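Everything on this sheet refers to the single structure shown next.
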Amino acid sequence: MPAPVLLGELRLILPELILCGGALFVLVYDMFQRRERSQRCGVLALLIVGLAAWDGIRLWMVPGVWAAAPAQTAIFWGMLSADPLWAFFRLLFLAAAGAVILMSVFSHELWRTRAGEYYALLLIATASASFAAAACNFVMLVLAVETLSLSAYVLAGYLKGERPAAEASLKYLLFGSVASGVMLYGLSLLYGLTGSLDLASLDRIGPENYPVFIPVLALVLVGLGFKTGAAPFHFWAPDVYQGAPTPVTAFLATVSKGAGFAALIRVVSPHFDAGSLAPYGMRTVDVFATPTDLSSLFWLLAVLSMIVGNFAALRQRDIKRLLAYSSIAHAGYLFVPFTAANPSGLSAVLFYIIVYFLATIGVFAGVVMIHNRTGTFEIGRWTGLFHRSPVIVVGLGVMLWSLIGLPPTAGFVGKWKLFFAPVEAAAAGPLPLFHYSVVFVALLTSVVSLYYYIGILKVMCFSGTDDRALRFRSGPLERACILALALPLILIQLQWQPLTDATLRALGQPVRSASAEVAR
Amino acid sequence: MMAEIGLTHYLVVAAILFALGVAGVLYRRNAVGMLIGIELILNAANVNLIAFARYADRGVGVPGVNGSAGLEGQVFAIFVIILAACEAAIGLAICINIFNKFGSIDADRADTMRG
């Protein structure tokens, strides 16, 4: 007999309960509002997210909540794992969702629409992203990821009157449904192999099953690869990013992508401790010295995403399309440590996700501000922006600098950590060529990314103010927002130990002392 | 003499359904046709889940794992049916919106963004 659900377990999902209840409340509240007052729902949604975040912080801080053994953290009959990793991702998603809601409130794109359903869907999507980060059963994983996807399909097409939005939602729906269908088919075969839908049951796979197991897991990776926006499952991204309202694009680039990575970490993380994905495949050294296991699938995803994302971004003129390819490239960077499969790589992934969230939210906030005043997403028409509002341009510059990964910003620390994981594995393991090749591609494509990010800055700073130039002067609130998002990126570069400690704590790894980190 | 229908038969049916579904999505240009293909893929997964759940206690899969989990697969199948229903509802709503904007539900017509 399964034990009854304790009230204590409900206490552990209180932030999600607040979000879901809040979504229903926003819907009902909007029913009694006149159309022109509909935008008040945004403020309400912001309050709900704040409330959930407040409780999320409490769950992150209280040490007694977390039991020692993984078996003890499983709640709701092994559906969710109430551990620090969940608390970490929940706070991250709530922060990003708060920023997205703030963006939506100020974005002119959404002003003429009825806002109740929009914010309700945003809240539900955030809650399901959080559940995806906690799932330790495939049923829960699929339900959470699908709820997120279904809300996102509608959000992408929320501007019903516009053709690009309609097209974006159709493409997103078709690609997303096929990807999740393939993932479900893979999961059904996996269920046949292991006889259980528990994530932990993956350990039961013996060497005799590898020839079947790796293709099956590749099917599962299709679904998660789609959510993370990695190539070759990226075809939806540019069109959807371009057609969706900008705040929704920011949501897809951060929360939705982060949920994909969180679910992926849930699937593979137990095996990072062993320093390899050995339980996931055999490492046979052939002529090319590549392992025929899961890490070679990750190698493929990482290398393809970095190359496709960075090179396709070179010829983009629309800022949202460019950011779509940039986010594909960043999915590739985030896959780099998965090829190494060592514990330090996992903490690097978490670290870089924070940095990436900050920079991406910042860039999209800047895009919303500029679009509000100019009504254009075309980079070529942002000429001379620096002369009108230097603060916005400097703030955007810091974020783009961080996305490139250049020194005075957090992006540098993040990328250094990411790319260091395979180097470590190469030094320790039998396959140096395999690990060094992915680092080589990562560094090379980072240099390529320099070109298009700097191109945006060049247009804003150095192109003359001709008569097409922007009539745009930033307000104090906008300047404060941009600086509030840009400053942390500088501060993290100066002092990144607290963030590293947080990622280690989220993974349940021993927190290293500050001196040991400096010595590395 | 008639052979008994075993697990393999179900798996083959599911594989055929899956292949038909993927082919439908790839080769149909009508958005509703593509949605039907997606339904086939989801139902392929369902057939697999139910078949594995039924035969789980007969020593299929990893040796040494006996299926106390037979129910798990059936429950998952019910959830997949729910998901398919949600997807169809949202998909058809999006198709109506596409028809309003583009005058047809041909997925190739709704392909204006390039780059």
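If you're wondering about the labels, chains in the structure tokens are A, B, ... by order shown, residues count from 1 in each chain, ligands from 1 in order shown.
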
Could you list, as a PyMOL selection string, every residue of chain A that has an atom within 9 Å of an atom of chain B, counting only C-alpha atoms? chain A and resi 138-139+142-143+146-147+150+153-154+157+160-164+166-171+173-174+177-178+180-182+184-189+191-197+204-206+208-209+238-239+242-243+312+315-318+321

As a VMD selection string, which residues of stretch 3-62 of chain B does DSSP assign to alpha helix (DSSP H)? chain B and resid 7 to 27 31 to 55

Go ahead and dump the residues you just picked, N, CA and C atoms, as a short mmCIF file (atom, residue, chain, number, x, y, z; two decimals), in the first residue's frame.
data_model
loop_
_atom_site.label_atom_id
_atom_site.label_comp_id
_atom_site.auth_asym_id
_atom_site.auth_seq_id
_atom_site.Cartn_x
_atom_site.Cartn_y
_atom_site.Cartn_z
N LEU B 7 3.73 -10.56 -27.88
CA LEU B 7 4.22 -9.19 -27.74
C LEU B 7 4.75 -8.65 -29.06
N THR B 8 5.47 -9.52 -29.79
CA THR B 8 6.09 -9.07 -31.04
C THR B 8 5.06 -8.49 -32.00
N HIS B 9 3.90 -9.14 -32.08
CA HIS B 9 2.88 -8.65 -33.00
C HIS B 9 2.47 -7.23 -32.66
N TYR B 10 2.29 -7.00 -31.37
CA TYR B 10 1.90 -5.65 -30.96
C TYR B 10 2.98 -4.63 -31.30
N LEU B 11 4.23 -5.04 -31.04
CA LEU B 11 5.32 -4.10 -31.30
C LEU B 11 5.41 -3.78 -32.79
N VAL B 12 5.17 -4.79 -33.61
CA VAL B 12 5.24 -4.54 -35.06
C VAL B 12 4.11 -3.59 -35.48
N VAL B 13 2.91 -3.84 -34.95
CA VAL B 13 1.80 -2.93 -35.27
C VAL B 13 2.15 -1.50 -34.86
N ALA B 14 2.72 -1.37 -33.66
CA ALA B 14 3.07 -0.03 -33.18
C ALA B 14 4.12 0.60 -34.07
N ALA B 15 5.10 -0.20 -34.48
CA ALA B 15 6.15 0.35 -35.34
C ALA B 15 5.57 0.82 -36.67
N ILE B 16 4.62 0.02 -37.21
CA ILE B 16 3.99 0.42 -38.48
C ILE B 16 3.20 1.72 -38.30
N LEU B 17 2.45 1.80 -37.18
CA LEU B 17 1.71 3.03 -36.89
C LEU B 17 2.65 4.22 -36.81
N PHE B 18 3.78 4.01 -36.11
CA PHE B 18 4.75 5.10 -35.93
C PHE B 18 5.28 5.55 -37.29
N ALA B 19 5.65 4.56 -38.14
CA ALA B 19 6.20 4.91 -39.45
C ALA B 19 5.16 5.65 -40.28
N LEU B 20 3.90 5.18 -40.24
CA LEU B 20 2.83 5.85 -40.99
C LEU B 20 2.65 7.28 -40.49
N GLY B 21 2.71 7.44 -39.16
CA GLY B 21 2.53 8.77 -38.58
C GLY B 21 3.62 9.72 -39.04
N VAL B 22 4.88 9.26 -38.98
CA VAL B 22 5.99 10.11 -39.39
C VAL B 22 5.87 10.44 -40.87
N ALA B 23 5.51 9.41 -41.68
CA ALA B 23 5.35 9.66 -43.12
C ALA B 23 4.24 10.67 -43.35
N GLY B 24 3.15 10.55 -42.59
CA GLY B 24 2.04 11.48 -42.73
C GLY B 24 2.46 12.90 -42.45
N VAL B 25 3.23 13.10 -41.36
CA VAL B 25 3.67 14.45 -41.02
C VAL B 25 4.59 15.00 -42.10
N LEU B 26 5.44 14.12 -42.63
CA LEU B 26 6.44 14.61 -43.59
C LEU B 26 5.81 14.91 -44.95
N TYR B 27 4.84 14.08 -45.37
CA TYR B 27 4.38 14.21 -46.76
C TYR B 27 3.05 14.93 -46.91
N ALA B 31 -2.43 21.01 -42.86
CA ALA B 31 -2.08 21.05 -41.44
C ALA B 31 -2.88 20.03 -40.64
N VAL B 32 -4.16 19.83 -41.01
CA VAL B 32 -4.96 18.86 -40.28
C VAL B 32 -4.44 17.44 -40.55
N GLY B 33 -4.00 17.20 -41.79
CA GLY B 33 -3.40 15.91 -42.10
C GLY B 33 -2.17 15.65 -41.26
N MET B 34 -1.36 16.70 -41.05
CA MET B 34 -0.18 16.55 -40.21
C MET B 34 -0.58 16.24 -38.77
N LEU B 35 -1.65 16.89 -38.29
CA LEU B 35 -2.12 16.61 -36.93
C LEU B 35 -2.55 15.14 -36.81
N ILE B 36 -3.18 14.61 -37.88
CA ILE B 36 -3.57 13.20 -37.84
C ILE B 36 -2.34 12.32 -37.74
N GLY B 37 -1.29 12.69 -38.48
CA GLY B 37 -0.03 11.94 -38.39
C GLY B 37 0.51 11.92 -36.97
N ILE B 38 0.43 13.08 -36.31
CA ILE B 38 0.90 13.17 -34.93
C ILE B 38 0.09 12.25 -34.02
N GLU B 39 -1.24 12.21 -34.26
CA GLU B 39 -2.09 11.30 -33.47
C GLU B 39 -1.64 9.85 -33.64
N LEU B 40 -1.26 9.49 -34.88
CA LEU B 40 -0.81 8.11 -35.12
C LEU B 40 0.46 7.82 -34.32
N ILE B 41 1.38 8.79 -34.29
CA ILE B 41 2.63 8.59 -33.54
C ILE B 41 2.30 8.35 -32.06
N LEU B 42 1.41 9.20 -31.51
CA LEU B 42 1.06 9.06 -30.10
C LEU B 42 0.40 7.71 -29.84
N ASN B 43 -0.44 7.26 -30.78
CA ASN B 43 -1.11 5.98 -30.55
C ASN B 43 -0.16 4.81 -30.71
N ALA B 44 0.89 4.98 -31.52
CA ALA B 44 1.93 3.94 -31.58
C ALA B 44 2.55 3.77 -30.20
N ALA B 45 2.84 4.90 -29.55
CA ALA B 45 3.39 4.83 -28.19
C ALA B 45 2.41 4.14 -27.26
N ASN B 46 1.12 4.43 -27.43
CA ASN B 46 0.11 3.82 -26.57
C ASN B 46 0.06 2.31 -26.72
N VAL B 47 0.08 1.84 -27.97
CA VAL B 47 0.04 0.39 -28.22
C VAL B 47 1.24 -0.27 -27.55
N ASN B 48 2.41 0.34 -27.71
CA ASN B 48 3.61 -0.18 -27.05
C ASN B 48 3.41 -0.28 -25.54
N LEU B 49 2.94 0.82 -24.95
CA LEU B 49 2.81 0.89 -23.49
C LEU B 49 1.87 -0.20 -22.99
N ILE B 50 0.73 -0.33 -23.66
CA ILE B 50 -0.26 -1.32 -23.21
C ILE B 50 0.29 -2.73 -23.38
N ALA B 51 0.96 -2.97 -24.53
CA ALA B 51 1.48 -4.31 -24.77
C ALA B 51 2.55 -4.66 -23.74
N PHE B 52 3.45 -3.72 -23.48
CA PHE B 52 4.50 -3.99 -22.49
C PHE B 52 3.90 -4.19 -21.11
N ALA B 53 2.86 -3.41 -20.80
CA ALA B 53 2.23 -3.55 -19.49
C ALA B 53 1.61 -4.95 -19.36
N ARG B 54 1.01 -5.42 -20.45
CA ARG B 54 0.35 -6.72 -20.41
C ARG B 54 1.37 -7.85 -20.27
N TYR B 55 2.49 -7.72 -20.97
CA TYR B 55 3.46 -8.82 -21.00
C TYR B 55 4.61 -8.61 -20.02
#

Of the candidates A:Cys136, A:Leu400, A:Leu301, A:Val100, which shows the shortest atom-to-atom distance to A:Ile361, using only C-alpha atoms? A:Val100
